[in-house]
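Engineer: Once you've had a glance at the structure underneath, I'll fire off some questions.
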Amino acid sequence: MTFAHYDEVRSGPLHGVPLLKLLNSSLQLIIGIVQAFALLLRRRPDALLLTGGWVGLPVALAAYVLRVPSLIFVPDIEPGLTIRVLSPFARRIAITVADSEAYFRPGRTIVTGYPLRADVLAATRADAHAYFETDPARKTLLVFGGSRGARTINHALLNILPQLLARPDLQIIHITGTLDWEEIQERLKNLTPQPPLRVRRGGDERSEAGVRSGSPYLPYYRPFPYLHREMGLAFAAADLVVSRAGASILGEFPHFGLPSILVPYPFAWRYQKVNADYLAARGAGIVVKDDDMARDLLGTIVSLLDSPARLSEMSAAARALGQPDGAARAAKALLGLAHRDTA
């Protein structure tokens with residue numbers, strides 16, 4: 001994806017910052033308001049899409065004064081402070097799930113679902129097993145914590161990896177994040193090697209580890225520092241996922257009917273906890289506290305893997321929450337503000 005143009009509007013955080021930072025942010029905001037007015041007068045947009053962040057404040061203020069309608073998209077269930085500040089200036093508020101309606105005045109929200117990329121929507125289980133060279137007869141556990149990773153999740157998994165890989169019915173795709181990749185590669189060297197299983201595929205005998213594993217002595221463990229367009233394939237391959245509880249799980253996991261063990265990030269406001277509780281309350285996930293992973297993660301994973309009926313129930317509960325047309329719904333709402341034909 002490429003952008004047709006890029007413009008800069010200054011701003012800065014105004015909440016929970018030291019006095020000097022607050023003063024600097026206020027100055028940046030004033031400059032940003034002037035920039036936003038100049039930008040909107042030059043571009044003459046029919047409508048604006050805002051997604052939060054303090055940079056949206058000067059743009060929202062300018063749009064409100066110039067009577068340019070704006071749509072705010074709220075990814076998490078509980079809106080952040082900046083979205084709450086911006087919401088009075090927006091014409092409509094697009095929300096991922098109906099539970100977010102409680103945070104806004106009645107009649108201003110529209111439930112669109114979480115927008116999913118085309119490569120995520122197109123991912124299939126067959127393509128996923130082909131890409132990762134995984135065994136379709138085994139259950140696949142997907143573990144990840146975001147693009148930079150989640151250190152406590154990575155460490156918790158490595159501590160129980162020998163027990164998990166001892167199971168004859170399991171394989172693991174582990175997205176470590178870029179920060180911990182080198183450390184994990186070193187730790188893997190100290191694990192007891194498992195001899196690669198020799199298999200015959202298409203007439204050629206080769207290692208089950210495959211070229212993409214990155215860990216040739218652990219044939220049913222696939223570590224990666226980062227996946228982007230392949231993330232849809234990782235979801236499609238998985239039977240169970242362990243992850244943080246960022247906003248995207250509200251769209252991705254339901255789309256794939258993916259049961260989840262959710263570990264909300266503990267060192268921020270409660271957005272991830274609210275997201276995780278939403279899926280758990282509907283039978284689609286289980287919440288494990290970050291501090292309890294060392295004690296509970298192995299038992300939680302094993303109990304689900306050993307309960308096919310429960311996994312199936314969780315998968316059905318997750319799939320029932322799916323809204324695969326979230327991007328189209330949000331686009332339709334935005335075009336509606338611009339008074340364009342949305343038929």
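Just remember, in the structure tokens the first chain shown is A, the second B, etc., residues are 1-based per chain, and ligands are 1-based in the order shown.
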Got a sec: who's within 12 Å of A:Gly107, counting only C-alpha atoms, leaving out chain neighbours fewer than 4 positions off, as a PyMOL selection string?

Structural biologist: chain A and resi 91-94+101-103+111

Engineer: Please produce a file of those selected residues containing C-alpha atoms, as an mmCIF file, in the first residue's frame.

Structural biologist:
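Output file out-v1.cif follows:
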```
data_model
loop_
_atom_site.group_PDB
_atom_site.id
_atom_site.type_symbol
_atom_site.label_atom_id
_atom_site.label_comp_id
_atom_site.auth_asym_id
_atom_site.auth_seq_id
_atom_site.Cartn_x
_atom_site.Cartn_y
_atom_site.Cartn_z
ATOM 1 C CA ARG A 91 -20.192 13.181 13.383
ATOM 2 C CA ARG A 92 -20.160 9.389 13.774
ATOM 3 C CA ILE A 93 -18.169 6.851 15.781
ATOM 4 C CA ALA A 94 -17.408 3.437 14.283
ATOM 5 C CA GLU A 101 -21.761 1.938 22.796
ATOM 6 C CA ALA A 102 -21.772 2.429 26.582
ATOM 7 C CA TYR A 103 -18.882 4.905 26.319
ATOM 8 C CA VAL A 111 -20.977 -1.173 14.767
#
```

Engineer: Extract, using only C-alpha atoms, all DNA, RNA and protein residues at most 7 Å from stretch 54-61 of chain A, discarding same-chain residues fewer than 3 positions from it, and format them as a tab-separated table (two decimals) with N, CA and C atoms, in the first residue's frame.

Structural biologist:
```
chain	number	residue	atom	x	y	z
A	9	VAL	N	1.13	17.29	10.83
A	9	VAL	CA	0.41	18.14	11.77
A	9	VAL	C	0.96	17.85	13.16
A	10	ARG	N	1.42	18.86	13.84
A	10	ARG	CA	2.06	18.67	15.14
A	10	ARG	C	1.03	18.56	16.27
A	11	SER	N	1.42	17.84	17.30
A	11	SER	CA	0.62	17.73	18.51
A	11	SER	C	1.48	17.07	19.57
A	12	GLY	N	0.87	16.72	20.70
A	12	GLY	CA	1.61	16.07	21.78
A	12	GLY	C	0.67	15.66	22.89
A	13	PRO	N	1.10	14.75	23.78
A	13	PRO	CA	0.25	14.27	24.87
A	13	PRO	C	-0.01	15.37	25.90
A	29	LEU	N	0.48	21.75	19.99
A	29	LEU	CA	-0.93	21.69	19.63
A	29	LEU	C	-1.38	22.98	18.93
A	32	GLY	N	-0.09	22.86	15.59
A	32	GLY	CA	-0.82	21.84	14.84
A	32	GLY	C	-2.19	22.31	14.39
A	33	ILE	N	-2.86	23.12	15.21
A	33	ILE	CA	-4.17	23.64	14.82
A	33	ILE	C	-4.05	24.54	13.59
A	36	ALA	N	-3.45	22.31	10.70
A	36	ALA	CA	-4.65	21.57	10.32
A	36	ALA	C	-5.61	22.44	9.53
A	50	LEU	N	-10.66	9.45	11.54
A	50	LEU	CA	-9.75	9.61	12.66
A	50	LEU	C	-9.67	8.30	13.43
A	64	TYR	N	-14.12	20.45	12.70
A	64	TYR	CA	-15.37	20.84	13.35
A	64	TYR	C	-15.73	22.29	13.01
A	65	VAL	N	-14.72	23.17	13.07
A	65	VAL	CA	-14.96	24.58	12.77
A	65	VAL	C	-15.33	24.77	11.31
A	82	THR	N	-7.72	9.91	24.22
A	82	THR	CA	-7.75	10.82	23.06
A	82	THR	C	-9.04	10.66	22.26
A	86	LEU	N	-11.77	13.45	21.44
A	86	LEU	CA	-12.12	13.76	20.05
A	86	LEU	C	-13.60	13.53	19.75
A	89	PHE	N	-16.34	16.10	18.68
A	89	PHE	CA	-16.15	16.82	17.43
A	89	PHE	C	-16.46	15.96	16.21
```

Engineer: Give me the residues within 12 Å of A:Ile286 as number ranges by chain, counting only C-alpha atoms and dropping any in the same chain fewer than 3 places off.

Structural biologist: A: 240-245, 258-264, 273, 275-283, 289, 296-297, 300-301, 303-304, 310-311, 314, 318

Engineer: Would you please work out which residue, of A:Leu20, A:Ile172, A:Ala333, A:Val302, is nearest to A:Arg222 when using only C-alpha atoms?

Structural biologist: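 Among A:Leu20, A:Ile172, A:Ala333, A:Val302, it is A:Ile172 that comes nearest to A:Arg222.
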
Engineer: In Å, rounded to a single decimal, give me how far atom CA of A:Thr51 is from atom CA of A:Pro18.

Structural biologist: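 It comes out at 25.2 Å.
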
Engineer: So what do you get for atom CA of A:Val288 versus atom CA of A:Pro219, distance-wise?

Structural biologist: 28.0 Å

Engineer: Give the answer as one residue: which of A:Leu121, A:Ala320, A:Ala4, A:Leu71 has the shortest atom-to-atom distance to A:Gly52, using only C-alpha atoms?

Structural biologist: A:Leu71

Engineer: Give me the residues within 9 Å of A:Asp290 as a VMD selection string, counting only C-alpha atoms and dropping any in the same chain fewer than 4 places off.

Structural biologist: chain A and resid 152 to 153 263 to 266 294

Engineer: Would you mind exporting the chosen residues as an mmCIF file, in the first residue's frame, restricted to N, CA and C atoms?

Structural biologist:
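Listed below is the output, again10.cif:
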```
data_model
loop_
_atom_site.group_PDB
_atom_site.id
_atom_site.type_symbol
_atom_site.label_atom_id
_atom_site.label_comp_id
_atom_site.auth_asym_id
_atom_site.auth_seq_id
_atom_site.Cartn_x
_atom_site.Cartn_y
_atom_site.Cartn_z
ATOM 1 N N THR A 152 7.549 -11.895 28.446
ATOM 2 C CA THR A 152 7.066 -12.864 29.432
ATOM 3 C C THR A 152 6.391 -14.052 28.752
ATOM 4 N N ILE A 153 5.691 -13.819 27.645
ATOM 5 C CA ILE A 153 5.092 -14.937 26.913
ATOM 6 C C ILE A 153 6.185 -15.802 26.292
ATOM 7 N N VAL A 263 -3.395 -13.193 27.344
ATOM 8 C CA VAL A 263 -2.565 -12.686 28.428
ATOM 9 C C VAL A 263 -2.470 -11.173 28.269
ATOM 10 N N PRO A 264 -3.397 -10.418 28.853
ATOM 11 C CA PRO A 264 -3.384 -8.960 28.670
ATOM 12 C C PRO A 264 -2.083 -8.338 29.166
ATOM 13 N N TYR A 265 -1.614 -7.353 28.422
ATOM 14 C CA TYR A 265 -0.411 -6.612 28.823
ATOM 15 C C TYR A 265 -0.708 -5.862 30.118
ATOM 16 N N PRO A 266 0.082 -6.079 31.170
ATOM 17 C CA PRO A 266 -0.282 -5.553 32.492
ATOM 18 C C PRO A 266 0.182 -4.128 32.767
ATOM 19 N N ALA A 294 3.803 -18.529 34.437
ATOM 20 C CA ALA A 294 4.765 -19.568 34.798
ATOM 21 C C ALA A 294 4.076 -20.747 35.477
#
```

Engineer: Can you check which residues of stretch 64-267 of chain A DSSP gives as helix (DSSP H, G or I) on the backbone and send them as a PyMOL selection string?

Structural biologist: chain A and resi 64-65+81-89+98-103+118-122+125-132+151-165+181-189+231-237+249-256

Engineer: Between A:Leu298, A:Leu227, A:Val97, A:Leu158, which has the minimum distance to A:Glu183 (counting only C-alpha atoms)?

Structural biologist: A:Leu158

Engineer: Rounded to one decimal in Å, what is the spacing between atom CA of A:Pro79 and atom CA of A:Gly336?

Structural biologist: 23.0 Å
